[in-house]
Amino acid sequence: MEIPYTVEVRPDTGLSNGKLGVWLFLASEVMLFAALFSSYILLRVGSTEWPRGAEELSVPMAFFNTIVLITSSVTMVMSWASLKMNDFGKFRMYLGATILLSFVFLVVKYFEYSHHLHAGEGPWHNTYYAIYFTITGLHGLHILGGIVVNGYLLGPGAKMWKTQKERFTNRVEIAGLYWHFVDLVWIFLFPVLYLL
Amino acid sequence: MDAHAVDDIRSHVKTYLMIFGALMVLTMVTVGVSYLHLPVAMAIAVALVVATIKGSLVALYFMHLNHERKLIYYVLALTAVFFIFMMFVPLFTNMDKITQRY
């Protein structure tokens, strides 16, 4: 059975099903992170003292990771634009760069985590570290999810380009929407956890 | 893909690179401001305003929300309402005057 409205738009929504689907998914993701941000506010307002992020965490590492993630968002949108311009070679280069940058982000995060864990500053250390590990951990899992999807589109999933160009381009666009959301969350996490 | 569409995408690419530059500058602003050691309320306000500008740039240009179908705007408007409500939930805990008397 063929999946309907993968390329052509559905008359009643004005959208392809995949695009509407991913936006609904992102709406639920906003609420997931909203719950954690809300918990952060409650914990911070309710505590008698709260450490300054910059004194606990490494701002240069997080600054570097912010640059990495923003750059990966640009390479992601460029990979989609390359497909739109019918340039499959450039698409592979840009999507490959996106995946590479995702790994760079995770490696930096690994060094940050291991530094804190060796110093005995795990999630059990205090409320600040508990919420720090919870939110960045969930965000890290989203990065991992993005690597899996983008890895599929660069690897086995790329076969679709030969047979259904437009459908494949839509898939890359949808994966991009998710990836930009992950970048967007980090844009808020960075100042909230590291700088304030 | 016709030539007109390709030209259209080329102009998009230029926009993406400009947004990239703006995001880099704003990231530096965020970090720079944190070294000024502003009073906490002021620091939070500045950091959130800059983050909101950056987030909007990503959503408008990279996620193409500057020209999208109405249905997506409706979905996002509803999400925004619930998001704002969620941010005020911690405040409601301070409104419980009965238990706070003891």
# chains A, B, ... in the order shown; residues from 1 in each chain; ligands from 1
$ interface_residues --of "chain A" --to "chain B" --cutoff "8 Å" --atoms "only C-alpha atoms" --output "MDAnalysis selection string"
chainID A and resid 13:15 20 23:24 27 30:31 34:35 37:39 41:42 63 66:67 70:71 73:74 77:78 81 84:86 176:177 180:181 184 187:188 191:192 195:196
$ residues_around --residues "stretch 147-164 of chain A" --least-positions-apart "2" --cutoff "9 Å" --atoms "only C-alpha atoms" --output "ChimeraX atom specification"
/A:88,91-92,95-96,98-100,102-103,142-145,166-169,171-172,175-176
$ write_last_selection --atoms "C-alpha atoms" --output "PDB file, in the first residue's frame"
ATOM      1  CA  PHE A  88      23.428  15.324  -4.704  1.00  0.00           C
ATOM      2  CA  PHE A  91      23.934  17.264  -0.231  1.00  0.00           C
ATOM      3  CA  ARG A  92      26.165  14.395   0.907  1.00  0.00           C
ATOM      4  CA  LEU A  95      24.696  16.216   5.626  1.00  0.00           C
ATOM      5  CA  GLY A  96      27.999  14.462   6.389  1.00  0.00           C
ATOM      6  CA  THR A  98      26.035  17.916  10.032  1.00  0.00           C
ATOM      7  CA  ILE A  99      26.549  14.390  11.394  1.00  0.00           C
ATOM      8  CA  LEU A 100      30.233  15.080  12.076  1.00  0.00           C
ATOM      9  CA  SER A 102      26.723  16.271  16.003  1.00  0.00           C
ATOM     10  CA  PHE A 103      29.462  13.864  17.099  1.00  0.00           C
ATOM     11  CA  HIS A 142      17.848  14.186  21.006  1.00  0.00           C
ATOM     12  CA  ILE A 143      21.251  14.755  19.383  1.00  0.00           C
ATOM     13  CA  LEU A 144      21.710  10.983  19.260  1.00  0.00           C
ATOM     14  CA  GLY A 145      18.257  10.608  17.659  1.00  0.00           C
ATOM     15  CA  GLU A 166      10.935  15.060  -4.372  1.00  0.00           C
ATOM     16  CA  ARG A 167       9.934  12.612  -1.649  1.00  0.00           C
ATOM     17  CA  PHE A 168      13.562  12.266  -0.540  1.00  0.00           C
ATOM     18  CA  THR A 169      13.969  16.072  -0.478  1.00  0.00           C
ATOM     19  CA  ARG A 171      12.378  13.690   4.116  1.00  0.00           C
ATOM     20  CA  VAL A 172      15.549  15.750   4.424  1.00  0.00           C
ATOM     21  CA  ALA A 175      14.699  15.753   9.449  1.00  0.00           C
ATOM     22  CA  GLY A 176      16.021  19.319   9.236  1.00  0.00           C
TER      23      GLY A 176
END
$ atom_distance --atom1 "atom CA of A:Thr127" --atom2 "atom CA of B:Ala45"
22.8 Å
$ closest_residue --among "A:Lys165, A:His115, A:Arg44, A:His125" --to "A:Leu57" --atoms "only C-alpha atoms"
A:His115
$ select_by_dssp --residues "stretch 15-70 of chain B" --states "alpha helix (DSSP H)" --output "mmCIF file with N, CA and C atoms, in the first residue's frame"
data_model
loop_
_atom_site.group_PDB
_atom_site.id
_atom_site.type_symbol
_atom_site.label_atom_id
_atom_site.label_comp_id
_atom_site.auth_asym_id
_atom_site.auth_seq_id
_atom_site.Cartn_x
_atom_site.Cartn_y
_atom_site.Cartn_z
ATOM 1 N N THR B 15 20.557 34.186 2.344
ATOM 2 C CA THR B 15 19.889 34.529 3.606
ATOM 3 C C THR B 15 20.400 33.630 4.734
ATOM 4 N N TYR B 16 20.520 32.329 4.443
ATOM 5 C CA TYR B 16 20.985 31.393 5.484
ATOM 6 C C TYR B 16 22.358 31.815 6.011
ATOM 7 N N LEU B 17 23.223 32.222 5.102
ATOM 8 C CA LEU B 17 24.580 32.599 5.532
ATOM 9 C C LEU B 17 24.550 33.878 6.362
ATOM 10 N N MET B 18 23.651 34.800 6.009
ATOM 11 C CA MET B 18 23.520 36.026 6.795
ATOM 12 C C MET B 18 22.993 35.712 8.199
ATOM 13 N N ILE B 19 22.025 34.814 8.274
ATOM 14 C CA ILE B 19 21.461 34.403 9.571
ATOM 15 C C ILE B 19 22.544 33.716 10.405
ATOM 16 N N PHE B 20 23.367 32.913 9.740
ATOM 17 C CA PHE B 20 24.474 32.239 10.414
ATOM 18 C C PHE B 20 25.378 33.283 11.085
ATOM 19 N N GLY B 21 25.720 34.328 10.326
ATOM 20 C CA GLY B 21 26.552 35.405 10.874
ATOM 21 C C GLY B 21 25.885 36.068 12.073
ATOM 22 N N ALA B 22 24.591 36.359 11.934
ATOM 23 C CA ALA B 22 23.851 37.014 13.019
ATOM 24 C C ALA B 22 23.837 36.135 14.266
ATOM 25 N N LEU B 23 23.654 34.826 14.090
ATOM 26 C CA LEU B 23 23.611 33.910 15.236
ATOM 27 C C LEU B 23 24.962 33.862 15.948
ATOM 28 N N MET B 24 26.040 33.915 15.156
ATOM 29 C CA MET B 24 27.394 33.907 15.751
ATOM 30 C C MET B 24 27.597 35.172 16.598
ATOM 31 N N VAL B 25 27.229 36.313 16.011
ATOM 32 C CA VAL B 25 27.399 37.582 16.722
ATOM 33 C C VAL B 25 26.587 37.567 18.016
ATOM 34 N N LEU B 26 25.331 37.100 17.929
ATOM 35 C CA LEU B 26 24.455 37.091 19.117
ATOM 36 C C LEU B 26 24.965 36.122 20.185
ATOM 37 N N THR B 27 25.589 35.013 19.751
ATOM 38 C CA THR B 27 26.172 34.084 20.731
ATOM 39 C C THR B 27 27.294 34.781 21.496
ATOM 40 N N MET B 28 28.108 35.549 20.756
ATOM 41 C CA MET B 28 29.192 36.287 21.409
ATOM 42 C C MET B 28 28.622 37.342 22.355
ATOM 43 N N VAL B 29 27.530 37.975 21.940
ATOM 44 C CA VAL B 29 26.882 38.974 22.807
ATOM 45 C C VAL B 29 26.431 38.303 24.109
ATOM 46 N N THR B 30 25.793 37.137 24.006
ATOM 47 C CA THR B 30 25.316 36.415 25.193
ATOM 48 C C THR B 30 26.465 36.169 26.164
ATOM 49 N N VAL B 31 27.583 35.649 25.635
ATOM 50 C CA VAL B 31 28.728 35.334 26.500
ATOM 51 C C VAL B 31 29.349 36.627 27.030
ATOM 52 N N GLY B 32 29.498 37.622 26.156
ATOM 53 C CA GLY B 32 30.095 38.905 26.555
ATOM 54 C C GLY B 32 29.330 39.541 27.700
ATOM 55 N N VAL B 33 28.004 39.567 27.575
ATOM 56 C CA VAL B 33 27.169 40.195 28.603
ATOM 57 C C VAL B 33 27.325 39.477 29.943
ATOM 58 N N SER B 34 27.533 38.151 29.896
ATOM 59 C CA SER B 34 27.644 37.393 31.156
ATOM 60 C C SER B 34 28.882 37.811 31.951
ATOM 61 N N VAL B 40 21.190 40.074 38.938
ATOM 62 C CA VAL B 40 20.587 38.819 38.461
ATOM 63 C C VAL B 40 19.360 39.035 37.563
ATOM 64 N N ALA B 41 18.420 39.883 38.013
ATOM 65 C CA ALA B 41 17.192 40.097 37.241
ATOM 66 C C ALA B 41 17.507 40.630 35.840
ATOM 67 N N MET B 42 18.444 41.592 35.796
ATOM 68 C CA MET B 42 18.860 42.208 34.527
ATOM 69 C C MET B 42 19.553 41.171 33.632
ATOM 70 N N ALA B 43 20.433 40.371 34.244
ATOM 71 C CA ALA B 43 21.177 39.360 33.479
ATOM 72 C C ALA B 43 20.223 38.344 32.862
ATOM 73 N N ILE B 44 19.210 37.923 33.641
ATOM 74 C CA ILE B 44 18.232 36.958 33.138
ATOM 75 C C ILE B 44 17.455 37.566 31.974
ATOM 76 N N ALA B 45 17.028 38.831 32.149
ATOM 77 C CA ALA B 45 16.250 39.503 31.103
ATOM 78 C C ALA B 45 17.054 39.589 29.807
ATOM 79 N N VAL B 46 18.315 40.059 29.900
ATOM 80 C CA VAL B 46 19.144 40.219 28.694
ATOM 81 C C VAL B 46 19.371 38.862 28.028
ATOM 82 N N ALA B 47 19.731 37.847 28.847
ATOM 83 C CA ALA B 47 20.035 36.515 28.290
ATOM 84 C C ALA B 47 18.811 35.936 27.575
ATOM 85 N N LEU B 48 17.631 36.103 28.181
ATOM 86 C CA LEU B 48 16.432 35.523 27.560
ATOM 87 C C LEU B 48 16.009 36.285 26.309
ATOM 88 N N VAL B 49 16.203 37.610 26.319
ATOM 89 C CA VAL B 49 15.856 38.394 25.122
ATOM 90 C C VAL B 49 16.758 37.979 23.957
ATOM 91 N N VAL B 50 18.072 37.883 24.222
ATOM 92 C CA VAL B 50 19.004 37.497 23.148
ATOM 93 C C VAL B 50 18.695 36.080 22.662
ATOM 94 N N ALA B 51 18.428 35.163 23.626
ATOM 95 C CA ALA B 51 18.116 33.777 23.236
ATOM 96 C C ALA B 51 16.834 33.728 22.403
ATOM 97 N N THR B 52 15.848 34.562 22.763
ATOM 98 C CA THR B 52 14.590 34.576 22.008
ATOM 99 C C THR B 52 14.820 35.084 20.581
ATOM 100 N N ILE B 53 15.670 36.117 20.448
ATOM 101 C CA ILE B 53 15.976 36.623 19.098
ATOM 102 C C ILE B 53 16.640 35.515 18.274
ATOM 103 N N LYS B 54 17.633 34.847 18.893
ATOM 104 C CA LYS B 54 18.332 33.764 18.173
ATOM 105 C C LYS B 54 17.365 32.646 17.804
ATOM 106 N N GLY B 55 16.536 32.254 18.759
ATOM 107 C CA GLY B 55 15.561 31.185 18.514
ATOM 108 C C GLY B 55 14.613 31.557 17.385
ATOM 109 N N SER B 56 14.180 32.843 17.384
ATOM 110 C CA SER B 56 13.263 33.292 16.338
ATOM 111 C C SER B 56 13.931 33.232 14.966
ATOM 112 N N LEU B 57 15.206 33.610 14.905
ATOM 113 C CA LEU B 57 15.918 33.570 13.618
ATOM 114 C C LEU B 57 15.970 32.138 13.085
ATOM 115 N N LYS B 70 -1.083 28.081 7.166
ATOM 116 C CA LYS B 70 -1.821 28.557 8.347
ATOM 117 C C LYS B 70 -1.940 27.497 9.435
#
$ atom_distance --atom1 "atom CA of A:Ala119" --atom2 "atom CA of A:Leu36"
25.1 Å
$ residues_around --residues "A:Asn17" --least-positions-apart "6" --cutoff "10 Å" --atoms "only C-alpha atoms" --output "ChimeraX atom specification"
/A:3-10
$ write_last_selection --atoms "C-alpha atoms" --output "short mmCIF file (atom, residue, chain, number, x, y, z; two decimals), in the first residue's frame"
data_model
loop_
_atom_site.label_atom_id
_atom_site.label_comp_id
_atom_site.auth_asym_id
_atom_site.auth_seq_id
_atom_site.Cartn_x
_atom_site.Cartn_y
_atom_site.Cartn_z
CA ILE A 3 1.60 6.09 1.81
CA PRO A 4 -0.60 9.04 0.79
CA TYR A 5 0.48 12.70 0.55
CA THR A 6 4.24 12.23 0.81
CA VAL A 7 4.90 14.71 -1.99
CA GLU A 8 1.62 16.31 -3.02
CA VAL A 9 -0.20 18.42 -0.44
CA ARG A 10 -3.39 17.27 1.24
#
